[in-house]
Amino acid sequence: MTSGSLPLLVTIETDPTRFHGVRPIRPSLPGPAACEQLLSHVLIDLEKIFPDIGKFSIAMPGALYDQTQILRPRLPVFRALEEKLSGQALRAGDAVRWAHALDPAAPADHPLSPDPDVLPGLMLNLPVILSGEAEPIESLSESMEHRFLEEGQLSAHAAKALESHFGIAVNHARFMTVTDLRAMLKLQLEHFEFSGLWVLLDAAIEGTEDTLSVEARGGQSFRYRAGKVHCRFETFDDWAREGHGARLGEDADLAAAYAEWTREYRQYVTTLEAHGVPLVHHATNEARCTVAGDHLLEVVQHPARPKGAEVTEHASHDVGVIAVTVLDGRRQLNYYPLSSSGLNSLHRAIRRLGAGPAGFSYPGTLIYDASGRLIADAAPKTQ
C-alpha cells in the first residue's frame, strides 16, 4: 500500500514593524508543551472542515517562516518535516501527532531553522504536513484547494494561541495550500511586471529538468538549467556599445538608463538568492572580464596611463554603488558587485591594491566618455 504526504500552511498576517528598527525582535521559538498546544489548536480547526483528518499522521515545527524560506527548491522545510514525521510514524506504528520544538541553539543551516538572514515580513507561515495512504491524501489535497478559500480562516482561539506562543501580533490567520502560496507569489511578481522572474522561480521550486530562458524588460538575460539560474551580466562598456544601451539614441542619458538596467538585474538576483536558488554569473565579454565570486572585474588596457581619480565610485542615488573604477598603471580596473555581498568583497580587492583615500572620488553618477566607456572621474584637487 503506497503512502503520500500533503504539505499545507497556516499563513499569518502580522505587524512587521517590531521586526525592524533599533530593537528588532524575532518570533519566539515555543517549547515542547507550547508546540503541542499549538498543534492541538490547528487540529481542532482542521477537523471543523475535514472531520476525518484524525486518521492521518500530522507534524508541525515550532517556528514561523518567511515565504522565501518556504518556497525554495524542492521545498526543504517540508522535506525535513516529512523525514521527521516518517521516523515518528515508524516507531509508533500508526497515525501520529507530532509537534517539533526547535532548539534555539540549532545551527542556522538546519533546514527547519528560520533563516537568520531573512527579516520577517508582513506574512509569516507555519508549515504543517499530513501523511497517510496515497489515495485519501490525494482526495484531501483536492478538497483543500477548494474549501480553504472560503472556510480556511483560523478560529479566534487558535489565533490567540499563535500570538501567545510566538510573541507576534496576528491580524489575520488562515489555512493555505502550497499551491495557494505559489499562486500568490506569481500574482505579486506579475503585478510588478516580473513575470520572467516567476518563470525562473517556479522552475527552481519544482525542480524541472527543462532548460528555460528569460529576458527581462531591459534585455537582461537569465537561463534556468539543471537546478541553477545562469545570469548574463553586461558591464557598462558592453551594454552601452553593443547591448541595449547602443539602441537608445544619441540624446539618451546612459547613466540613468544603465542604473535602471542594474536595478532590474539586482532585483532578479536578490529575489532568486532569497529563495535559495543557486546562481551562476557570466560575463558577456570573457576576454577582459572575470567573475570573482560575488563581483566581476573588467580590465581595460590603455596605451598610456589614464588620467583621473585613482578610485571612482560610480553610483546612483536610488540604486547605490554600480561600479568602482581603479586606475592601476596603464590598466583601468572596473569592479561590479553582482550580489548583496559583492560590494564588500570588491572593496577588499581594491584595498589590496593599496589605493589611498586621497585618490577617491564620489561623483554620485556614472562617468563615461563619448564612445560609451566607463572612465575615472577628474582627479581630486590636493590641498
# chains A, B, ... in the order shown; residues from 1 in each chain; ligands from 1
>>> select_by_dssp(residues="region 120-298 of chain A", states="strand (DSSP E or B)", output="PyMOL selection string")
chain A and resi 123-133+153+170-177+212-215+221-225+228-233+279-283+289-292+295-298
>>> write_last_selection(atoms="C-alpha atoms", output="compact mmCIF listing (two decimals), in the first residue's frame")
# COMPACT_ATOMS: atom_id res chain seq x y z
CA MET A 123 3.24 37.41 6.05
CA LEU A 124 4.60 34.58 8.16
CA ASN A 125 3.96 30.88 7.63
CA LEU A 126 3.56 27.92 9.97
CA PRO A 127 4.10 24.73 7.92
CA VAL A 128 2.09 21.59 8.60
CA ILE A 129 2.43 18.21 6.90
CA LEU A 130 -0.04 15.34 6.72
CA SER A 131 0.85 11.75 5.89
CA GLY A 132 -1.27 8.71 5.06
CA GLU A 133 -2.40 6.42 2.29
CA GLN A 153 -9.85 31.14 8.46
CA VAL A 170 -2.00 38.26 14.49
CA ASN A 171 -4.14 40.45 12.26
CA HIS A 172 -5.44 37.54 10.21
CA ALA A 173 -4.63 33.81 10.01
CA ARG A 174 -5.90 31.16 7.66
CA PHE A 175 -5.07 27.76 6.21
CA MET A 176 -3.48 27.76 2.79
CA THR A 177 -2.05 25.15 0.44
CA LEU A 212 14.30 27.79 -19.74
CA SER A 213 15.48 31.18 -20.99
CA VAL A 214 14.11 34.51 -19.79
CA GLU A 215 14.76 38.04 -21.00
CA SER A 221 19.34 37.51 -19.88
CA PHE A 222 18.75 34.60 -17.49
CA ARG A 223 18.68 30.85 -18.10
CA TYR A 224 17.49 28.07 -15.84
CA ARG A 225 19.40 24.83 -16.33
CA LYS A 228 20.70 26.69 -11.34
CA VAL A 229 19.98 30.08 -12.87
CA HIS A 230 22.73 31.40 -15.13
CA CYS A 231 22.83 35.20 -15.17
CA ARG A 232 24.43 37.10 -18.04
CA PHE A 233 25.96 40.32 -16.75
CA LEU A 279 23.12 31.37 -9.24
CA VAL A 280 25.97 31.35 -11.74
CA HIS A 281 27.10 34.73 -13.09
CA HIS A 282 28.62 35.03 -16.56
CA ALA A 283 30.28 38.00 -18.26
CA CYS A 289 36.10 40.22 -17.64
CA THR A 290 36.48 37.77 -14.77
CA VAL A 291 33.76 36.74 -12.35
CA ALA A 292 35.34 36.63 -8.88
CA HIS A 295 31.76 40.56 -8.02
CA LEU A 296 33.05 40.99 -11.56
CA LEU A 297 36.35 42.54 -12.64
CA GLU A 298 36.71 44.18 -16.04
>>> residues_around(residues="region 313-317 of chain A", least_positions_apart="3", cutoff="6 Å", atoms="only C-alpha atoms", output="PyMOL selection string")
chain A and resi 320-324+362+364-366
>>> residues_around(residues="Tyr265 (chain A)", least_positions_apart="2", cutoff="9 Å", atoms="only C-alpha atoms", output="PDB file with N, CA and C atoms, in the first residue's frame")
ATOM      1  N   ALA A 216      14.538  39.809 -19.372  1.00  0.00           N
ATOM      2  CA  ALA A 216      13.820  40.812 -18.599  1.00  0.00           C
ATOM      3  C   ALA A 216      13.543  42.044 -19.453  1.00  0.00           C
ATOM      4  N   GLY A 218      14.707  45.055 -19.555  1.00  0.00           N
ATOM      5  CA  GLY A 218      15.841  45.817 -20.068  1.00  0.00           C
ATOM      6  C   GLY A 218      16.805  44.998 -20.890  1.00  0.00           C
ATOM      7  N   GLN A 220      18.056  42.055 -19.900  1.00  0.00           N
ATOM      8  CA  GLN A 220      18.853  41.179 -19.055  1.00  0.00           C
ATOM      9  C   GLN A 220      18.513  39.723 -19.371  1.00  0.00           C
ATOM     10  N   SER A 221      19.534  38.881 -19.442  1.00  0.00           N
ATOM     11  CA  SER A 221      19.340  37.507 -19.882  1.00  0.00           C
ATOM     12  C   SER A 221      19.599  36.535 -18.729  1.00  0.00           C
ATOM     13  N   CYS A 231      23.114  33.785 -14.978  1.00  0.00           N
ATOM     14  CA  CYS A 231      22.828  35.202 -15.171  1.00  0.00           C
ATOM     15  C   CYS A 231      23.906  35.813 -16.057  1.00  0.00           C
ATOM     16  N   PHE A 233      25.746  38.942 -17.186  1.00  0.00           N
ATOM     17  CA  PHE A 233      25.959  40.318 -16.754  1.00  0.00           C
ATOM     18  C   PHE A 233      26.688  41.120 -17.828  1.00  0.00           C
ATOM     19  N   GLU A 260      19.056  51.870 -14.228  1.00  0.00           N
ATOM     20  CA  GLU A 260      17.789  51.139 -14.250  1.00  0.00           C
ATOM     21  C   GLU A 260      18.024  49.682 -14.671  1.00  0.00           C
ATOM     22  N   TRP A 261      18.927  49.477 -15.641  1.00  0.00           N
ATOM     23  CA  TRP A 261      19.279  48.111 -16.052  1.00  0.00           C
ATOM     24  C   TRP A 261      19.854  47.340 -14.865  1.00  0.00           C
ATOM     25  N   THR A 262      20.730  47.986 -14.107  1.00  0.00           N
ATOM     26  CA  THR A 262      21.349  47.360 -12.942  1.00  0.00           C
ATOM     27  C   THR A 262      20.318  47.060 -11.876  1.00  0.00           C
ATOM     28  N   ARG A 263      19.389  47.994 -11.667  1.00  0.00           N
ATOM     29  CA  ARG A 263      18.342  47.781 -10.660  1.00  0.00           C
ATOM     30  C   ARG A 263      17.563  46.501 -10.966  1.00  0.00           C
ATOM     31  N   GLN A 267      17.293  43.056  -8.850  1.00  0.00           N
ATOM     32  CA  GLN A 267      16.021  42.574  -8.320  1.00  0.00           C
ATOM     33  C   GLN A 267      15.834  41.088  -8.617  1.00  0.00           C
ATOM     34  N   TYR A 268      16.220  40.666  -9.817  1.00  0.00           N
ATOM     35  CA  TYR A 268      16.175  39.246 -10.143  1.00  0.00           C
ATOM     36  C   TYR A 268      17.110  38.466  -9.226  1.00  0.00           C
ATOM     37  N   VAL A 269      18.356  38.931  -9.132  1.00  0.00           N
ATOM     38  CA  VAL A 269      19.369  38.220  -8.352  1.00  0.00           C
ATOM     39  C   VAL A 269      18.984  38.144  -6.880  1.00  0.00           C
ATOM     40  N   THR A 270      18.547  39.281  -6.307  1.00  0.00           N
ATOM     41  CA  THR A 270      18.206  39.321  -4.893  1.00  0.00           C
ATOM     42  C   THR A 270      17.038  38.395  -4.574  1.00  0.00           C
ATOM     43  N   LEU A 338      27.953  41.873  -7.904  1.00  0.00           N
ATOM     44  CA  LEU A 338      26.954  41.023  -8.549  1.00  0.00           C
ATOM     45  C   LEU A 338      25.859  40.561  -7.597  1.00  0.00           C
TER      46      LEU A 338
END
>>> residues_around(residues="region 299-310 of chain A", least_positions_apart="3", cutoff="9 Å", atoms="only C-alpha atoms", output="PyMOL selection string")
chain A and resi 288-290+325-335+355-356+358-361+375-380
>>> write_last_selection(atoms="C-alpha atoms", output="short mmCIF file (atom, residue, chain, number, x, y, z; two decimals), in the first residue's frame")
data_model
loop_
_atom_site.label_atom_id
_atom_site.label_comp_id
_atom_site.auth_asym_id
_atom_site.auth_seq_id
_atom_site.Cartn_x
_atom_site.Cartn_y
_atom_site.Cartn_z
CA ARG A 288 38.51 41.18 -20.45
CA CYS A 289 36.10 40.22 -17.64
CA THR A 290 36.48 37.77 -14.77
CA THR A 325 36.89 52.16 -11.21
CA VAL A 326 40.54 51.86 -10.16
CA LEU A 327 43.46 53.24 -12.18
CA ASP A 328 46.47 50.93 -11.93
CA GLY A 329 49.31 51.97 -14.21
CA ARG A 330 48.07 51.60 -17.77
CA ARG A 331 45.18 49.44 -16.66
CA GLN A 332 41.71 50.57 -15.72
CA LEU A 333 40.03 48.10 -13.40
CA ASN A 334 36.23 48.24 -13.29
CA TYR A 335 34.68 46.33 -10.39
CA ALA A 355 44.83 52.85 -3.14
CA GLY A 356 44.93 55.77 -0.73
CA ALA A 358 43.13 60.92 -1.05
CA GLY A 359 42.61 59.47 -4.53
CA PHE A 360 38.92 58.64 -4.11
CA SER A 361 36.08 60.37 -5.98
CA ILE A 375 36.09 56.30 -17.15
CA ALA A 376 37.60 57.70 -13.98
CA ASP A 377 36.30 60.95 -12.55
CA ALA A 378 38.53 64.03 -12.61
CA ALA A 379 41.35 63.70 -10.06
CA PRO A 380 40.51 65.30 -6.69
#
>>> residues_around(residues="Phe50 (chain A)", least_positions_apart="3", cutoff="10 Å", atoms="only C-alpha atoms", output="mmCIF file with C-alpha atoms, in the first residue's frame")
data_model
loop_
_atom_site.group_PDB
_atom_site.id
_atom_site.type_symbol
_atom_site.label_atom_id
_atom_site.label_comp_id
_atom_site.auth_asym_id
_atom_site.auth_seq_id
_atom_site.Cartn_x
_atom_site.Cartn_y
_atom_site.Cartn_z
ATOM 1 C CA LEU A 43 -6.049 20.118 14.501
ATOM 2 C CA ILE A 44 -9.306 21.312 16.075
ATOM 3 C CA ASP A 45 -9.709 23.938 13.328
ATOM 4 C CA LEU A 46 -8.847 21.430 10.606
ATOM 5 C CA GLU A 47 -11.357 18.901 11.977
ATOM 6 C CA ILE A 53 -8.411 14.472 9.449
ATOM 7 C CA GLY A 54 -7.527 12.462 12.592
ATOM 8 C CA LEU A 140 -7.901 15.555 0.680
ATOM 9 C CA SER A 143 -10.705 19.302 -1.305
ATOM 10 C CA MET A 144 -8.335 21.723 0.421
ATOM 11 C CA ARG A 147 -12.524 24.674 0.699
#
>>> select_by_dssp(residues="region 141-344 of chain A", states="helix (DSSP H, G or I)", output="CSV table (one decimal) with N, CA and C atoms, in the first residue's frame")
chain,number,residue,atom,x,y,z
A,141,SER,N,-6.2,16.6,-0.7
A,141,SER,CA,-5.5,17.7,-1.3
A,141,SER,C,-6.4,18.5,-2.2
A,142,GLU,N,-7.2,17.8,-3.0
A,142,GLU,CA,-8.1,18.4,-4.0
A,142,GLU,C,-9.2,19.2,-3.2
A,143,SER,N,-9.7,18.6,-2.1
A,143,SER,CA,-10.7,19.3,-1.3
A,143,SER,C,-10.2,20.6,-0.7
A,144,MET,N,-8.9,20.5,-0.2
A,144,MET,CA,-8.3,21.7,0.4
A,144,MET,C,-8.2,22.9,-0.6
A,145,GLU,N,-7.9,22.5,-1.8
A,145,GLU,CA,-7.7,23.6,-2.8
A,145,GLU,C,-9.0,24.4,-3.0
A,146,HIS,N,-10.1,23.8,-2.8
A,146,HIS,CA,-11.4,24.5,-2.9
A,146,HIS,C,-11.9,25.1,-1.6
A,147,ARG,N,-11.8,24.3,-0.5
A,147,ARG,CA,-12.5,24.7,0.7
A,147,ARG,C,-11.7,25.7,1.6
A,148,PHE,N,-10.4,25.7,1.5
A,148,PHE,CA,-9.7,26.6,2.3
A,148,PHE,C,-10.0,28.1,1.9
A,149,LEU,N,-10.3,28.3,0.7
A,149,LEU,CA,-10.6,29.7,0.2
A,149,LEU,C,-11.8,30.3,1.0
A,150,GLU,N,-12.8,29.5,1.3
A,150,GLU,CA,-14.0,30.0,1.9
A,150,GLU,C,-14.0,29.7,3.4
A,151,GLU,N,-13.4,28.5,3.8
A,151,GLU,CA,-13.6,28.0,5.2
A,151,GLU,C,-12.3,28.0,5.9
A,156,ALA,N,-10.7,32.2,16.6
A,156,ALA,CA,-10.1,33.2,17.5
A,156,ALA,C,-9.2,32.5,18.5
A,157,HIS,N,-9.6,31.3,19.0
A,157,HIS,CA,-8.8,30.6,20.0
A,157,HIS,C,-7.4,30.3,19.4
A,158,ALA,N,-7.4,29.8,18.2
A,158,ALA,CA,-6.1,29.4,17.5
A,158,ALA,C,-5.3,30.6,17.3
A,159,ALA,N,-5.9,31.7,16.8
A,159,ALA,CA,-5.1,32.9,16.6
A,159,ALA,C,-4.5,33.5,17.9
A,160,LYS,N,-5.2,33.4,19.0
A,160,LYS,CA,-4.7,33.9,20.3
A,160,LYS,C,-3.5,33.0,20.7
A,161,ALA,N,-3.6,31.7,20.4
A,161,ALA,CA,-2.5,30.8,20.7
A,161,ALA,C,-1.3,31.1,19.9
A,162,LEU,N,-1.4,31.5,18.7
A,162,LEU,CA,-0.3,31.9,17.9
A,162,LEU,C,0.3,33.1,18.4
A,163,GLU,N,-0.5,34.1,18.8
A,163,GLU,CA,0.0,35.3,19.4
A,163,GLU,C,0.8,35.1,20.7
A,164,SER,N,0.2,34.2,21.5
A,164,SER,CA,0.8,34.0,22.8
A,164,SER,C,2.2,33.2,22.7
A,165,HIS,N,2.2,32.2,21.9
A,165,HIS,CA,3.4,31.3,21.9
A,165,HIS,C,4.5,31.8,21.0
A,166,PHE,N,4.1,32.6,19.9
A,166,PHE,CA,5.2,33.1,19.0
A,166,PHE,C,5.5,34.5,19.4
A,178,VAL,N,0.2,25.0,-0.4
A,178,VAL,CA,1.4,25.5,-1.0
A,178,VAL,C,1.1,26.0,-2.4
A,179,THR,N,0.2,25.4,-3.1
A,179,THR,CA,-0.2,25.9,-4.4
A,179,THR,C,-0.8,27.3,-4.3
A,180,ASP,N,-1.6,27.5,-3.2
A,180,ASP,CA,-2.1,28.9,-3.0
A,180,ASP,C,-1.0,29.9,-2.8
A,181,LEU,N,0.0,29.5,-2.0
A,181,LEU,CA,1.1,30.4,-1.7
A,181,LEU,C,1.9,30.7,-3.0
A,182,ARG,N,2.1,29.7,-3.8
A,182,ARG,CA,2.8,29.9,-5.1
A,182,ARG,C,2.0,30.8,-6.0
A,183,ALA,N,0.7,30.6,-6.0
A,183,ALA,CA,-0.1,31.5,-6.9
A,183,ALA,C,-0.1,32.9,-6.4
A,184,MET,N,-0.1,33.1,-5.1
A,184,MET,CA,0.0,34.5,-4.6
A,184,MET,C,1.3,35.1,-5.0
A,185,LEU,N,2.4,34.4,-4.9
A,185,LEU,CA,3.7,35.0,-5.3
A,185,LEU,C,3.7,35.3,-6.8
A,186,LYS,N,3.1,34.4,-7.6
A,186,LYS,CA,3.1,34.6,-9.0
A,186,LYS,C,2.3,35.9,-9.3
A,187,LEU,N,1.2,36.1,-8.6
A,187,LEU,CA,0.4,37.3,-8.9
A,187,LEU,C,1.2,38.6,-8.5
A,188,GLN,N,1.9,38.5,-7.3
A,188,GLN,CA,2.7,39.6,-6.9
A,188,GLN,C,3.8,40.0,-7.9
A,189,LEU,N,4.5,39.0,-8.4
A,189,LEU,CA,5.6,39.3,-9.3
A,189,LEU,C,5.0,39.8,-10.7
A,190,GLU,N,3.9,39.2,-11.1
A,190,GLU,CA,3.3,39.7,-12.4
A,190,GLU,C,2.7,41.1,-12.2
A,191,HIS,N,2.2,41.4,-11.1
A,191,HIS,CA,1.7,42.8,-10.8
A,191,HIS,C,2.8,43.8,-11.0
A,195,SER,N,7.2,38.9,-14.6
A,195,SER,CA,6.7,37.5,-14.9
A,195,SER,C,7.8,36.6,-15.3
A,196,GLY,N,8.9,37.1,-15.8
A,196,GLY,CA,10.1,36.3,-16.2
A,196,GLY,C,10.7,35.8,-14.9
A,197,LEU,N,10.7,36.5,-13.9
A,197,LEU,CA,11.3,36.1,-12.6
A,197,LEU,C,10.5,34.9,-12.0
A,198,TRP,N,9.2,35.0,-12.2
A,198,TRP,CA,8.3,33.9,-11.7
A,198,TRP,C,8.6,32.6,-12.5
A,199,VAL,N,8.9,32.7,-13.8
A,199,VAL,CA,9.2,31.5,-14.6
A,199,VAL,C,10.4,30.8,-14.0
A,200,LEU,N,11.4,31.6,-13.7
A,200,LEU,CA,12.7,31.0,-13.1
A,200,LEU,C,12.4,30.4,-11.7
A,201,LEU,N,11.7,31.2,-10.9
A,201,LEU,CA,11.4,30.7,-9.5
A,201,LEU,C,10.6,29.4,-9.6
A,202,ASP,N,9.6,29.4,-10.4
A,202,ASP,CA,8.7,28.3,-10.5
A,202,ASP,C,9.4,27.0,-10.9
A,203,ALA,N,10.3,27.2,-11.9
A,203,ALA,CA,11.1,26.1,-12.4
A,203,ALA,C,12.1,25.5,-11.3
A,204,ALA,N,12.7,26.5,-10.5
A,204,ALA,CA,13.6,26.1,-9.5
A,204,ALA,C,12.8,25.4,-8.3
A,205,ILE,N,11.7,25.9,-7.9
A,205,ILE,CA,10.9,25.3,-6.8
A,205,ILE,C,10.5,23.9,-7.2
A,206,GLU,N,10.0,23.8,-8.5
A,206,GLU,CA,9.5,22.5,-8.9
A,206,GLU,C,10.6,21.5,-9.2
A,236,PHE,N,29.1,48.2,-18.1
A,236,PHE,CA,28.6,49.4,-18.8
A,236,PHE,C,29.1,49.5,-20.2
A,237,ASP,N,30.4,49.2,-20.4
A,237,ASP,CA,31.0,49.3,-21.7
A,237,ASP,C,30.3,48.4,-22.7
A,238,ASP,N,30.0,47.2,-22.3
A,238,ASP,CA,29.4,46.2,-23.2
A,238,ASP,C,27.9,46.6,-23.5
A,239,TRP,N,27.2,47.1,-22.4
A,239,TRP,CA,25.8,47.5,-22.5
A,239,TRP,C,25.7,48.7,-23.4
A,240,ALA,N,26.6,49.7,-23.2
A,240,ALA,CA,26.5,51.0,-24.0
A,240,ALA,C,26.9,50.9,-25.4
A,241,ARG,N,27.9,50.0,-25.7
A,241,ARG,CA,28.5,49.9,-27.0
A,241,ARG,C,27.8,48.8,-27.9
A,244,HIS,N,21.8,46.8,-25.1
A,244,HIS,CA,20.6,47.6,-25.2
A,244,HIS,C,20.8,49.1,-25.2
A,245,GLY,N,21.9,49.5,-24.5
A,245,GLY,CA,22.2,51.0,-24.4
A,245,GLY,C,22.6,51.5,-25.8
A,246,ALA,N,23.2,50.7,-26.7
A,246,ALA,CA,23.6,51.2,-28.0
A,246,ALA,C,22.4,51.5,-28.9
A,247,ARG,N,21.2,51.1,-28.5
A,247,ARG,CA,20.0,51.3,-29.3
A,247,ARG,C,19.1,52.5,-28.7
A,254,LEU,N,22.7,57.8,-20.6
A,254,LEU,CA,23.1,56.4,-20.4
A,254,LEU,C,23.3,56.1,-19.0
A,255,ALA,N,23.7,57.1,-18.2
A,255,ALA,CA,24.0,56.8,-16.7
A,255,ALA,C,22.7,56.4,-16.1
A,256,ALA,N,21.6,57.1,-16.3
A,256,ALA,CA,20.3,56.8,-15.7
A,256,ALA,C,19.8,55.5,-16.3
A,257,ALA,N,19.9,55.2,-17.6
A,257,ALA,CA,19.4,54.0,-18.2
A,257,ALA,C,20.2,52.8,-17.7
A,258,TYR,N,21.5,52.9,-17.5
A,258,TYR,CA,22.2,51.7,-17.0
A,258,TYR,C,21.9,51.5,-15.5
A,259,ALA,N,21.7,52.6,-14.8
A,259,ALA,CA,21.3,52.4,-13.4
A,259,ALA,C,20.0,51.6,-13.3
A,260,GLU,N,19.1,51.9,-14.2
A,260,GLU,CA,17.8,51.1,-14.2
A,260,GLU,C,18.0,49.7,-14.7
A,261,TRP,N,18.9,49.5,-15.6
A,261,TRP,CA,19.3,48.1,-16.1
A,261,TRP,C,19.9,47.3,-14.9
A,262,THR,N,20.7,48.0,-14.1
A,262,THR,CA,21.3,47.4,-12.9
A,262,THR,C,20.3,47.1,-11.9
A,263,ARG,N,19.4,48.0,-11.7
A,263,ARG,CA,18.3,47.8,-10.7
A,263,ARG,C,17.6,46.5,-11.0
A,264,GLU,N,17.1,46.3,-12.2
A,264,GLU,CA,16.3,45.2,-12.6
A,264,GLU,C,17.2,43.9,-12.4
A,265,TYR,N,18.4,43.9,-12.9
A,265,TYR,CA,19.3,42.8,-12.7
A,265,TYR,C,19.4,42.4,-11.3
A,266,ARG,N,19.6,43.3,-10.4
A,266,ARG,CA,19.7,43.1,-9.0
A,266,ARG,C,18.4,42.6,-8.3
A,267,GLN,N,17.3,43.1,-8.9
A,267,GLN,CA,16.0,42.6,-8.3
A,267,GLN,C,15.8,41.1,-8.6
A,268,TYR,N,16.2,40.7,-9.8
A,268,TYR,CA,16.2,39.2,-10.1
A,268,TYR,C,17.1,38.5,-9.2
A,269,VAL,N,18.4,38.9,-9.1
A,269,VAL,CA,19.4,38.2,-8.4
A,269,VAL,C,19.0,38.1,-6.9
A,270,THR,N,18.5,39.3,-6.3
A,270,THR,CA,18.2,39.3,-4.9
A,270,THR,C,17.0,38.4,-4.6
A,271,THR,N,16.0,38.4,-5.4
A,271,THR,CA,14.9,37.5,-5.2
A,271,THR,C,15.2,36.1,-5.3
A,272,LEU,N,16.0,35.7,-6.3
A,272,LEU,CA,16.4,34.3,-6.5
A,272,LEU,C,17.3,33.9,-5.3
A,273,GLU,N,18.2,34.7,-4.9
A,273,GLU,CA,19.0,34.4,-3.7
A,273,GLU,C,18.2,34.2,-2.5
A,274,ALA,N,17.2,35.0,-2.3
A,274,ALA,CA,16.3,34.9,-1.1
A,274,ALA,C,15.6,33.6,-1.1
A,342,GLY,N,28.6,41.4,-2.8
A,342,GLY,CA,29.7,41.8,-3.7
A,342,GLY,C,30.4,43.0,-3.4
A,343,LEU,N,29.7,44.0,-2.8
A,343,LEU,CA,30.3,45.3,-2.6
A,343,LEU,C,31.5,45.2,-1.6
A,344,ASN,N,31.2,44.4,-0.5
A,344,ASN,CA,32.3,44.1,0.5
A,344,ASN,C,33.5,43.5,-0.1
>>> closest_residue(among="A:Gly276, A:Gly372, A:Pro111, A:Gly167", to="Glu82 (chain A)", atoms="only C-alpha atoms")
A:Pro111
>>> decode(residues="region 117-135 of chain A", atoms="N, CA and C atoms", output="PDB file, in the first residue's frame")
ATOM      1  N   ASP A 117      19.160  35.327   7.973  1.00  0.00           N
ATOM      2  CA  ASP A 117      19.445  36.404   7.014  1.00  0.00           C
ATOM      3  C   ASP A 117      18.177  36.986   6.402  1.00  0.00           C
ATOM      4  N   VAL A 118      17.021  36.397   6.724  1.00  0.00           N
ATOM      5  CA  VAL A 118      15.749  36.875   6.168  1.00  0.00           C
ATOM      6  C   VAL A 118      14.973  37.579   7.270  1.00  0.00           C
ATOM      7  N   LEU A 119      14.737  38.873   7.090  1.00  0.00           N
ATOM      8  CA  LEU A 119      13.939  39.616   8.058  1.00  0.00           C
ATOM      9  C   LEU A 119      12.461  39.265   7.875  1.00  0.00           C
ATOM     10  N   PRO A 120      11.759  38.906   8.950  1.00  0.00           N
ATOM     11  CA  PRO A 120      10.331  38.586   8.814  1.00  0.00           C
ATOM     12  C   PRO A 120       9.559  39.760   8.219  1.00  0.00           C
ATOM     13  N   GLY A 121       8.586  39.444   7.400  1.00  0.00           N
ATOM     14  CA  GLY A 121       7.789  40.479   6.749  1.00  0.00           C
ATOM     15  C   GLY A 121       6.346  40.463   7.215  1.00  0.00           C
ATOM     16  N   LEU A 122       5.476  40.969   6.378  1.00  0.00           N
ATOM     17  CA  LEU A 122       4.054  41.073   6.704  1.00  0.00           C
ATOM     18  C   LEU A 122       3.395  39.705   6.857  1.00  0.00           C
ATOM     19  N   MET A 123       3.840  38.738   6.035  1.00  0.00           N
ATOM     20  CA  MET A 123       3.236  37.413   6.048  1.00  0.00           C
ATOM     21  C   MET A 123       4.224  36.396   6.596  1.00  0.00           C
ATOM     22  N   LEU A 124       3.800  35.658   7.603  1.00  0.00           N
ATOM     23  CA  LEU A 124       4.600  34.575   8.160  1.00  0.00           C
ATOM     24  C   LEU A 124       3.839  33.267   7.986  1.00  0.00           C
ATOM     25  N   ASN A 125       4.575  32.165   7.946  1.00  0.00           N
ATOM     26  CA  ASN A 125       3.960  30.882   7.633  1.00  0.00           C
ATOM     27  C   ASN A 125       4.363  29.807   8.641  1.00  0.00           C
ATOM     28  N   LEU A 126       3.354  29.069   9.099  1.00  0.00           N
ATOM     29  CA  LEU A 126       3.565  27.919   9.967  1.00  0.00           C
ATOM     30  C   LEU A 126       3.284  26.670   9.128  1.00  0.00           C
ATOM     31  N   PRO A 127       4.320  25.905   8.778  1.00  0.00           N
ATOM     32  CA  PRO A 127       4.100  24.728   7.919  1.00  0.00           C
ATOM     33  C   PRO A 127       3.541  23.540   8.699  1.00  0.00           C
ATOM     34  N   VAL A 128       2.701  22.790   8.035  1.00  0.00           N
ATOM     35  CA  VAL A 128       2.092  21.587   8.600  1.00  0.00           C
ATOM     36  C   VAL A 128       2.152  20.520   7.515  1.00  0.00           C
ATOM     37  N   ILE A 129       2.417  19.281   7.911  1.00  0.00           N
ATOM     38  CA  ILE A 129       2.430  18.214   6.903  1.00  0.00           C
ATOM     39  C   ILE A 129       1.572  17.049   7.380  1.00  0.00           C
ATOM     40  N   LEU A 130       0.804  16.497   6.470  1.00  0.00           N
ATOM     41  CA  LEU A 130      -0.043  15.338   6.724  1.00  0.00           C
ATOM     42  C   LEU A 130       0.510  14.145   5.959  1.00  0.00           C
ATOM     43  N   SER A 131       0.355  12.961   6.542  1.00  0.00           N
ATOM     44  CA  SER A 131       0.849  11.749   5.887  1.00  0.00           C
ATOM     45  C   SER A 131      -0.173  10.642   6.053  1.00  0.00           C
ATOM     46  N   GLY A 132      -0.322   9.825   5.013  1.00  0.00           N
ATOM     47  CA  GLY A 132      -1.274   8.715   5.063  1.00  0.00           C
ATOM     48  C   GLY A 132      -1.278   7.966   3.758  1.00  0.00           C
ATOM     49  N   GLU A 133      -2.296   7.167   3.531  1.00  0.00           N
ATOM     50  CA  GLU A 133      -2.404   6.424   2.286  1.00  0.00           C
ATOM     51  C   GLU A 133      -2.571   7.381   1.116  1.00  0.00           C
ATOM     52  N   ALA A 134      -1.971   7.010   0.001  1.00  0.00           N
ATOM     53  CA  ALA A 134      -1.853   7.934  -1.129  1.00  0.00           C
ATOM     54  C   ALA A 134      -3.196   8.410  -1.662  1.00  0.00           C
ATOM     55  N   GLU A 135      -4.153   7.502  -1.832  1.00  0.00           N
ATOM     56  CA  GLU A 135      -5.433   7.884  -2.441  1.00  0.00           C
ATOM     57  C   GLU A 135      -6.225   8.853  -1.569  1.00  0.00           C
TER      58      GLU A 135
END
